[in-house]
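J.: I'd like to ask you about the structure that follows.
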Amino acid sequence: MPHLHQHPIVDQSFAVIDREMGEHSFSKQEYAIIRRVIHTTADFEFQRLIRTAPGALAAGIRAIQQKPPIVTAVRMVEQGSQAMVSRTFENVMMPAIAMGDAPPPGQTRSAAGMARALAHYPQAIVVVGNAPTALLAVCEAIAAGPTSPALVIGAPVGFIAVTESKQALAATDIPQIRVEGRKGGSGVAAAILNALVVMAWEALP
């Protein structure tokens, strides 16, 4: 399998995380995601907040290998994952906030852009790390059909509509990785995607 080399400081940081985590019951793949998020945030609480739907990791790895577009809600997630994606599968990355014209009244730019993006790419990988309205737009598109993302990473952060958007995602049967509660953010979402990209790359023959 191909191996992705990383900076020695990353390896040293992972070793510290491993020591502080100690024994745990996570699978190897689940822990790879948790460890990368903790590395990004220095916040061990994420081990209790990350939720992975059954089969979602395998579905996400297969999806990344098939190189569909990756739609992010905002540019910060794209910037956080572009280097890893460029080194590996070179999926097209599209920030939804940049798609289309100004949003209609009462709708955020990221939500309007997400709706447009999914209309064009209904089976994309979707990554939301900042805008809960964009995650709600994903859930609305899924409910309306025929949108069926290959994977949704739902990790918006904040106080308004954040937990509601994650609950709406949890109510769908789409392969998903969520960060429960108020925590999340673009860095967290990018870390989850990067961990999946590494696993997908190293799973190649």
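Within each chain, counting starts at residue 1; across the structure tokens, chains are named A, B, ... in the order shown, with ligands numbered 1 upward in that order.
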For range 190-193 of chain A, list every protein, DNA or RNA residue within 8 Å, evaluated using only C-alpha atoms, and leave out those in the same chain fewer than 2 positions away; present the list as a ChimeraX atom specification.

T.: /A:33-34,36-37,40,77-78,80-81,127,129,153,186-188,195-197

J.: Could you pull the residues within 10 Å of Gly181 in chain A, counting only C-alpha atoms, minus those fewer than 2 positions along the same chain, as a ChimeraX atom specification?

T.: /A:49-50,155-159,162-164,166-167,178-179,183-184

J.: Can those selected residues be exported to a file as a PDB file, in the first residue's frame so that it contains N, CA and C atoms?

T.:
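See result-v4.pdb below for the written result:
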```
ATOM      1  N   LEU A  49     -17.401  13.215  21.140  1.00  0.00           N
ATOM      2  CA  LEU A  49     -18.350  13.977  20.329  1.00  0.00           C
ATOM      3  C   LEU A  49     -18.501  13.450  18.910  1.00  0.00           C
ATOM      4  N   ILE A  50     -17.479  12.770  18.402  1.00  0.00           N
ATOM      5  CA  ILE A  50     -17.521  12.315  17.010  1.00  0.00           C
ATOM      6  C   ILE A  50     -18.400  11.076  16.909  1.00  0.00           C
ATOM      7  N   ALA A 155     -19.969  19.131  10.782  1.00  0.00           N
ATOM      8  CA  ALA A 155     -19.262  19.615  11.973  1.00  0.00           C
ATOM      9  C   ALA A 155     -19.357  21.130  12.120  1.00  0.00           C
ATOM     10  N   PRO A 156     -20.560  21.708  11.904  1.00  0.00           N
ATOM     11  CA  PRO A 156     -20.650  23.158  12.125  1.00  0.00           C
ATOM     12  C   PRO A 156     -20.431  23.499  13.593  1.00  0.00           C
ATOM     13  N   VAL A 157     -20.033  24.738  13.849  1.00  0.00           N
ATOM     14  CA  VAL A 157     -19.704  25.172  15.195  1.00  0.00           C
ATOM     15  C   VAL A 157     -20.542  26.400  15.542  1.00  0.00           C
ATOM     16  N   GLY A 158     -20.891  26.559  16.815  1.00  0.00           N
ATOM     17  CA  GLY A 158     -21.585  27.771  17.214  1.00  0.00           C
ATOM     18  C   GLY A 158     -22.796  27.513  18.083  1.00  0.00           C
ATOM     19  N   PHE A 159     -23.706  28.493  18.094  1.00  0.00           N
ATOM     20  CA  PHE A 159     -24.809  28.501  19.042  1.00  0.00           C
ATOM     21  C   PHE A 159     -26.188  28.544  18.379  1.00  0.00           C
ATOM     22  N   VAL A 162     -27.012  25.139  15.242  1.00  0.00           N
ATOM     23  CA  VAL A 162     -25.934  24.153  15.098  1.00  0.00           C
ATOM     24  C   VAL A 162     -26.395  22.763  15.507  1.00  0.00           C
ATOM     25  N   THR A 163     -26.899  22.630  16.730  1.00  0.00           N
ATOM     26  CA  THR A 163     -27.329  21.303  17.170  1.00  0.00           C
ATOM     27  C   THR A 163     -28.524  20.820  16.348  1.00  0.00           C
ATOM     28  N   GLU A 164     -29.396  21.757  15.949  1.00  0.00           N
ATOM     29  CA  GLU A 164     -30.546  21.380  15.125  1.00  0.00           C
ATOM     30  C   GLU A 164     -30.102  20.809  13.780  1.00  0.00           C
ATOM     31  N   LYS A 166     -27.315  19.294  13.112  1.00  0.00           N
ATOM     32  CA  LYS A 166     -26.710  17.979  13.313  1.00  0.00           C
ATOM     33  C   LYS A 166     -27.772  16.917  13.585  1.00  0.00           C
ATOM     34  N   GLN A 167     -28.827  17.307  14.313  1.00  0.00           N
ATOM     35  CA  GLN A 167     -29.935  16.385  14.548  1.00  0.00           C
ATOM     36  C   GLN A 167     -30.653  16.048  13.246  1.00  0.00           C
ATOM     37  N   ARG A 178     -20.467  12.906  12.185  1.00  0.00           N
ATOM     38  CA  ARG A 178     -20.944  14.128  12.820  1.00  0.00           C
ATOM     39  C   ARG A 178     -20.100  14.444  14.054  1.00  0.00           C
ATOM     40  N   VAL A 179     -20.083  15.734  14.394  1.00  0.00           N
ATOM     41  CA  VAL A 179     -19.556  16.163  15.682  1.00  0.00           C
ATOM     42  C   VAL A 179     -20.747  16.674  16.478  1.00  0.00           C
ATOM     43  N   LYS A 183     -19.628  22.078  19.366  1.00  0.00           N
ATOM     44  CA  LYS A 183     -18.256  22.156  18.870  1.00  0.00           C
ATOM     45  C   LYS A 183     -18.159  21.674  17.424  1.00  0.00           C
ATOM     46  N   GLY A 184     -17.070  22.066  16.772  1.00  0.00           N
ATOM     47  CA  GLY A 184     -16.812  21.706  15.384  1.00  0.00           C
ATOM     48  C   GLY A 184     -15.908  22.752  14.774  1.00  0.00           C
TER      49      GLY A 184
END
```

J.: Can you pull out every residue within 7 Å of range 139-144 of chain A, counting only C-alpha atoms, but drop anything in the same chain fewer than 6 positions away, and send it as a VMD selection string?

T.: chain A and resid 115 168 to 169

J.: Would you output that residue set with C-alpha atoms, as a PDB file, in the first residue's frame?

T.:
```pdb
ATOM      1  CA  ALA A 115     -28.386  23.784  -2.728  1.00  0.00           C
ATOM      2  CA  ALA A 168     -31.424  16.818  11.073  1.00  0.00           C
ATOM      3  CA  LEU A 169     -28.404  15.055   9.568  1.00  0.00           C
TER       4      LEU A 169
END
```

J.: Which of these residues is nearest to Val198 in chain A, using only C-alpha atoms: A:Ala98, A:Ile64, A:Ala131, A:Val10?

T.: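 When distances to Val198 in chain A are compared using only C-alpha atoms, the smallest one comes from A:Ile64.
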
J.: With only C-alpha atoms as the atoms that count, which of A:Val128, A:Met99, A:Ile61, A:Val85 lies nearest to Gly185 in chain A?

T.: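 Closest to Gly185 in chain A of all the choices is A:Val128.
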
J.: To one decimal place in Å, what is the distance between CA of Pro54 in chain A and CA of Ser148 in chain A?

T.: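 If I compute the distance from CA of Pro54 in chain A to CA of Ser148 in chain A, I get 16.4 Å.
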
J.: Name the residues of range 28-58 of chain A that come out as helix (DSSP H, G or I) in a backbone DSSP run; write them as a list in words.

T.: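 Residues of range 28-58 of chain A classed as helix (DSSP H, G or I): Lys28, Gln29, Glu30, Tyr31, Ala32, Ile33, Ile34, Arg35, Arg36, Val37, Ile38, His39, Thr40, Thr41, Phe46, Gln47, Arg48, Leu49, Ala56, Leu57 and Ala58 of chain A.
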
J.: Compile the contact shell of range 173-176 of chain A as a list in words: residues with an atom at most 7 Å away, counting only C-alpha atoms, same-chain residues fewer than 3 positions apart removed.

T.: Thr52, Ala53, Ala56, Ala59, Ser148, Pro149, Ala150, Leu151, Val152 and Ile153 of chain A

J.: Go ahead and write the selection's residues with N, CA and C atoms as a PDB file, in the first residue's frame.

T.:
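part_19.pdb was written with the following content:
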```pdb
ATOM      1  N   THR A  52     -19.980   8.300  14.116  1.00  0.00           N
ATOM      2  CA  THR A  52     -19.842   7.732  12.778  1.00  0.00           C
ATOM      3  C   THR A  52     -20.982   6.759  12.535  1.00  0.00           C
ATOM      4  N   ALA A  53     -21.761   6.993  11.515  1.00  0.00           N
ATOM      5  CA  ALA A  53     -22.864   6.082  11.204  1.00  0.00           C
ATOM      6  C   ALA A  53     -22.309   4.730  10.777  1.00  0.00           C
ATOM      7  N   ALA A  56     -20.263   4.066   7.491  1.00  0.00           N
ATOM      8  CA  ALA A  56     -19.915   5.352   6.888  1.00  0.00           C
ATOM      9  C   ALA A  56     -18.437   5.450   6.528  1.00  0.00           C
ATOM     10  N   ALA A  59     -17.860   3.484   3.386  1.00  0.00           N
ATOM     11  CA  ALA A  59     -18.490   4.198   2.272  1.00  0.00           C
ATOM     12  C   ALA A  59     -17.686   5.435   1.901  1.00  0.00           C
ATOM     13  N   SER A 148     -28.301  12.317  -2.977  1.00  0.00           N
ATOM     14  CA  SER A 148     -27.850  11.234  -2.100  1.00  0.00           C
ATOM     15  C   SER A 148     -26.333  11.292  -1.995  1.00  0.00           C
ATOM     16  N   PRO A 149     -25.796  12.213  -1.170  1.00  0.00           N
ATOM     17  CA  PRO A 149     -24.340  12.349  -1.073  1.00  0.00           C
ATOM     18  C   PRO A 149     -23.661  11.039  -0.705  1.00  0.00           C
ATOM     19  N   ALA A 150     -22.464  10.843  -1.259  1.00  0.00           N
ATOM     20  CA  ALA A 150     -21.692   9.637  -0.928  1.00  0.00           C
ATOM     21  C   ALA A 150     -21.298   9.628   0.536  1.00  0.00           C
ATOM     22  N   LEU A 151     -21.075  10.813   1.103  1.00  0.00           N
ATOM     23  CA  LEU A 151     -20.716  10.960   2.509  1.00  0.00           C
ATOM     24  C   LEU A 151     -20.977  12.403   2.905  1.00  0.00           C
ATOM     25  N   VAL A 152     -21.470  12.612   4.122  1.00  0.00           N
ATOM     26  CA  VAL A 152     -21.598  13.961   4.677  1.00  0.00           C
ATOM     27  C   VAL A 152     -20.791  14.032   5.962  1.00  0.00           C
ATOM     28  N   ILE A 153     -19.893  14.997   6.028  1.00  0.00           N
ATOM     29  CA  ILE A 153     -19.183  15.317   7.264  1.00  0.00           C
ATOM     30  C   ILE A 153     -19.853  16.561   7.826  1.00  0.00           C
TER      31      ILE A 153
END
```

J.: I need the strand (DSSP E or B) residues of range 160-193 of chain A per DSSP on the backbone, written as a list of chain:residue names.

T.: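 Residues meeting the strand (DSSP E or B) criterion: A:Gln176, A:Ile177, A:Arg178, A:Val179.
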
J.: For N, CA and C atoms, I'd like the residues from the last selection saved as a PDB file, in the first residue's frame.

T.:
```
ATOM      1  N   GLN A 176     -22.518   9.176   7.134  1.00  0.00           N
ATOM      2  CA  GLN A 176     -22.171  10.460   7.764  1.00  0.00           C
ATOM      3  C   GLN A 176     -21.220  10.297   8.930  1.00  0.00           C
ATOM      4  N   ILE A 177     -20.470  11.384   9.151  1.00  0.00           N
ATOM      5  CA  ILE A 177     -19.645  11.544  10.344  1.00  0.00           C
ATOM      6  C   ILE A 177     -20.034  12.896  10.932  1.00  0.00           C
ATOM      7  N   ARG A 178     -20.467  12.906  12.185  1.00  0.00           N
ATOM      8  CA  ARG A 178     -20.944  14.128  12.820  1.00  0.00           C
ATOM      9  C   ARG A 178     -20.100  14.444  14.054  1.00  0.00           C
ATOM     10  N   VAL A 179     -20.083  15.734  14.394  1.00  0.00           N
ATOM     11  CA  VAL A 179     -19.556  16.163  15.682  1.00  0.00           C
ATOM     12  C   VAL A 179     -20.747  16.674  16.478  1.00  0.00           C
TER      13      VAL A 179
END
```

J.: For Ala73 in chain A, please output as a ChimeraX atom specification all residues within 10 Å (counting only C-alpha atoms; exclusion window: fewer than 6 positions along the same chain).

T.: /A:94-98,109-111,113-114,117,126-135,138,156,186

J.: Using the selection just defined, write its residues with N, CA and C atoms as a PDB file, in the first residue's frame.

T.:
```pdb
ATOM      1  N   MET A  94     -14.911  22.130  -4.241  1.00  0.00           N
ATOM      2  CA  MET A  94     -15.733  23.290  -4.568  1.00  0.00           C
ATOM      3  C   MET A  94     -16.338  23.884  -3.300  1.00  0.00           C
ATOM      4  N   PRO A  95     -16.013  25.133  -2.965  1.00  0.00           N
ATOM      5  CA  PRO A  95     -16.703  25.779  -1.850  1.00  0.00           C
ATOM      6  C   PRO A  95     -18.078  26.256  -2.301  1.00  0.00           C
ATOM      7  N   ALA A  96     -19.114  25.776  -1.642  1.00  0.00           N
ATOM      8  CA  ALA A  96     -20.480  26.109  -2.047  1.00  0.00           C
ATOM      9  C   ALA A  96     -20.744  27.605  -1.978  1.00  0.00           C
ATOM     10  N   ILE A  97     -20.077  28.280  -1.043  1.00  0.00           N
ATOM     11  CA  ILE A  97     -20.337  29.703  -0.850  1.00  0.00           C
ATOM     12  C   ILE A  97     -19.980  30.520  -2.096  1.00  0.00           C
ATOM     13  N   ALA A  98     -19.134  29.946  -2.954  1.00  0.00           N
ATOM     14  CA  ALA A  98     -18.717  30.662  -4.159  1.00  0.00           C
ATOM     15  C   ALA A  98     -19.583  30.338  -5.375  1.00  0.00           C
ATOM     16  N   ARG A 109     -25.670  32.761   2.105  1.00  0.00           N
ATOM     17  CA  ARG A 109     -24.948  32.481   0.866  1.00  0.00           C
ATOM     18  C   ARG A 109     -24.463  31.035   0.810  1.00  0.00           C
ATOM     19  N   SER A 110     -24.015  30.513   1.961  1.00  0.00           N
ATOM     20  CA  SER A 110     -23.519  29.133   1.968  1.00  0.00           C
ATOM     21  C   SER A 110     -24.658  28.140   1.748  1.00  0.00           C
ATOM     22  N   ALA A 111     -25.847  28.412   2.299  1.00  0.00           N
ATOM     23  CA  ALA A 111     -26.982  27.512   2.112  1.00  0.00           C
ATOM     24  C   ALA A 111     -27.443  27.522   0.660  1.00  0.00           C
ATOM     25  N   GLY A 113     -25.656  28.334  -1.940  1.00  0.00           N
ATOM     26  CA  GLY A 113     -24.621  27.698  -2.748  1.00  0.00           C
ATOM     27  C   GLY A 113     -24.628  26.196  -2.608  1.00  0.00           C
ATOM     28  N   MET A 114     -24.896  25.697  -1.398  1.00  0.00           N
ATOM     29  CA  MET A 114     -24.941  24.250  -1.179  1.00  0.00           C
ATOM     30  C   MET A 114     -26.089  23.640  -1.971  1.00  0.00           C
ATOM     31  N   ALA A 117     -25.002  23.494  -5.531  1.00  0.00           N
ATOM     32  CA  ALA A 117     -23.955  22.490  -5.742  1.00  0.00           C
ATOM     33  C   ALA A 117     -24.548  21.083  -5.790  1.00  0.00           C
ATOM     34  N   VAL A 126     -19.797  15.737   0.848  1.00  0.00           N
ATOM     35  CA  VAL A 126     -20.150  17.053   1.375  1.00  0.00           C
ATOM     36  C   VAL A 126     -19.489  17.251   2.733  1.00  0.00           C
ATOM     37  N   VAL A 127     -18.842  18.406   2.907  1.00  0.00           N
ATOM     38  CA  VAL A 127     -18.133  18.684   4.153  1.00  0.00           C
ATOM     39  C   VAL A 127     -18.572  20.054   4.674  1.00  0.00           C
ATOM     40  N   VAL A 128     -19.189  20.063   5.851  1.00  0.00           N
ATOM     41  CA  VAL A 128     -19.668  21.308   6.459  1.00  0.00           C
ATOM     42  C   VAL A 128     -18.981  21.475   7.809  1.00  0.00           C
ATOM     43  N   GLY A 129     -18.178  22.511   7.930  1.00  0.00           N
ATOM     44  CA  GLY A 129     -17.466  22.727   9.177  1.00  0.00           C
ATOM     45  C   GLY A 129     -17.731  24.071   9.802  1.00  0.00           C
ATOM     46  N   ASN A 130     -18.608  24.858   9.216  1.00  0.00           N
ATOM     47  CA  ASN A 130     -18.797  26.203   9.742  1.00  0.00           C
ATOM     48  C   ASN A 130     -20.250  26.643   9.750  1.00  0.00           C
ATOM     49  N   ALA A 131     -20.952  26.418   8.646  1.00  0.00           N
ATOM     50  CA  ALA A 131     -22.269  27.017   8.461  1.00  0.00           C
ATOM     51  C   ALA A 131     -23.390  26.008   8.699  1.00  0.00           C
ATOM     52  N   PRO A 132     -24.095  26.103   9.831  1.00  0.00           N
ATOM     53  CA  PRO A 132     -25.209  25.173  10.056  1.00  0.00           C
ATOM     54  C   PRO A 132     -26.311  25.303   9.016  1.00  0.00           C
ATOM     55  N   THR A 133     -26.492  26.498   8.477  1.00  0.00           N
ATOM     56  CA  THR A 133     -27.525  26.654   7.440  1.00  0.00           C
ATOM     57  C   THR A 133     -27.180  25.839   6.207  1.00  0.00           C
ATOM     58  N   ALA A 134     -25.902  25.682   5.913  1.00  0.00           N
ATOM     59  CA  ALA A 134     -25.499  24.849   4.775  1.00  0.00           C
ATOM     60  C   ALA A 134     -25.808  23.389   5.055  1.00  0.00           C
ATOM     61  N   LEU A 135     -25.600  22.945   6.298  1.00  0.00           N
ATOM     62  CA  LEU A 135     -25.918  21.557   6.641  1.00  0.00           C
ATOM     63  C   LEU A 135     -27.426  21.318   6.584  1.00  0.00           C
ATOM     64  N   VAL A 138     -28.320  20.792   3.072  1.00  0.00           N
ATOM     65  CA  VAL A 138     -28.006  19.428   2.647  1.00  0.00           C
ATOM     66  C   VAL A 138     -29.149  18.498   3.030  1.00  0.00           C
ATOM     67  N   PRO A 156     -20.560  21.708  11.904  1.00  0.00           N
ATOM     68  CA  PRO A 156     -20.650  23.158  12.125  1.00  0.00           C
ATOM     69  C   PRO A 156     -20.431  23.499  13.593  1.00  0.00           C
ATOM     70  N   SER A 186     -14.259  24.585  10.830  1.00  0.00           N
ATOM     71  CA  SER A 186     -13.636  24.228   9.559  1.00  0.00           C
ATOM     72  C   SER A 186     -12.406  23.359   9.752  1.00  0.00           C
TER      73      SER A 186
END
```

J.: Check the smallest atom-to-atom distance from each of A:Asp18, A:Asp101, A:Asp43, A:Asp11 to Tyr31 in chain A using only C-alpha atoms, then report the winner.

T.: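 Ranked by minimum distance to Tyr31 in chain A, first place goes to A:Asp18.
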
J.: Please report the interatomic distance between CA of Ser165 in chain A and CA of Ala137 in chain A in Å with one decimal.

T.: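 A separation of 9.0 Å between them.
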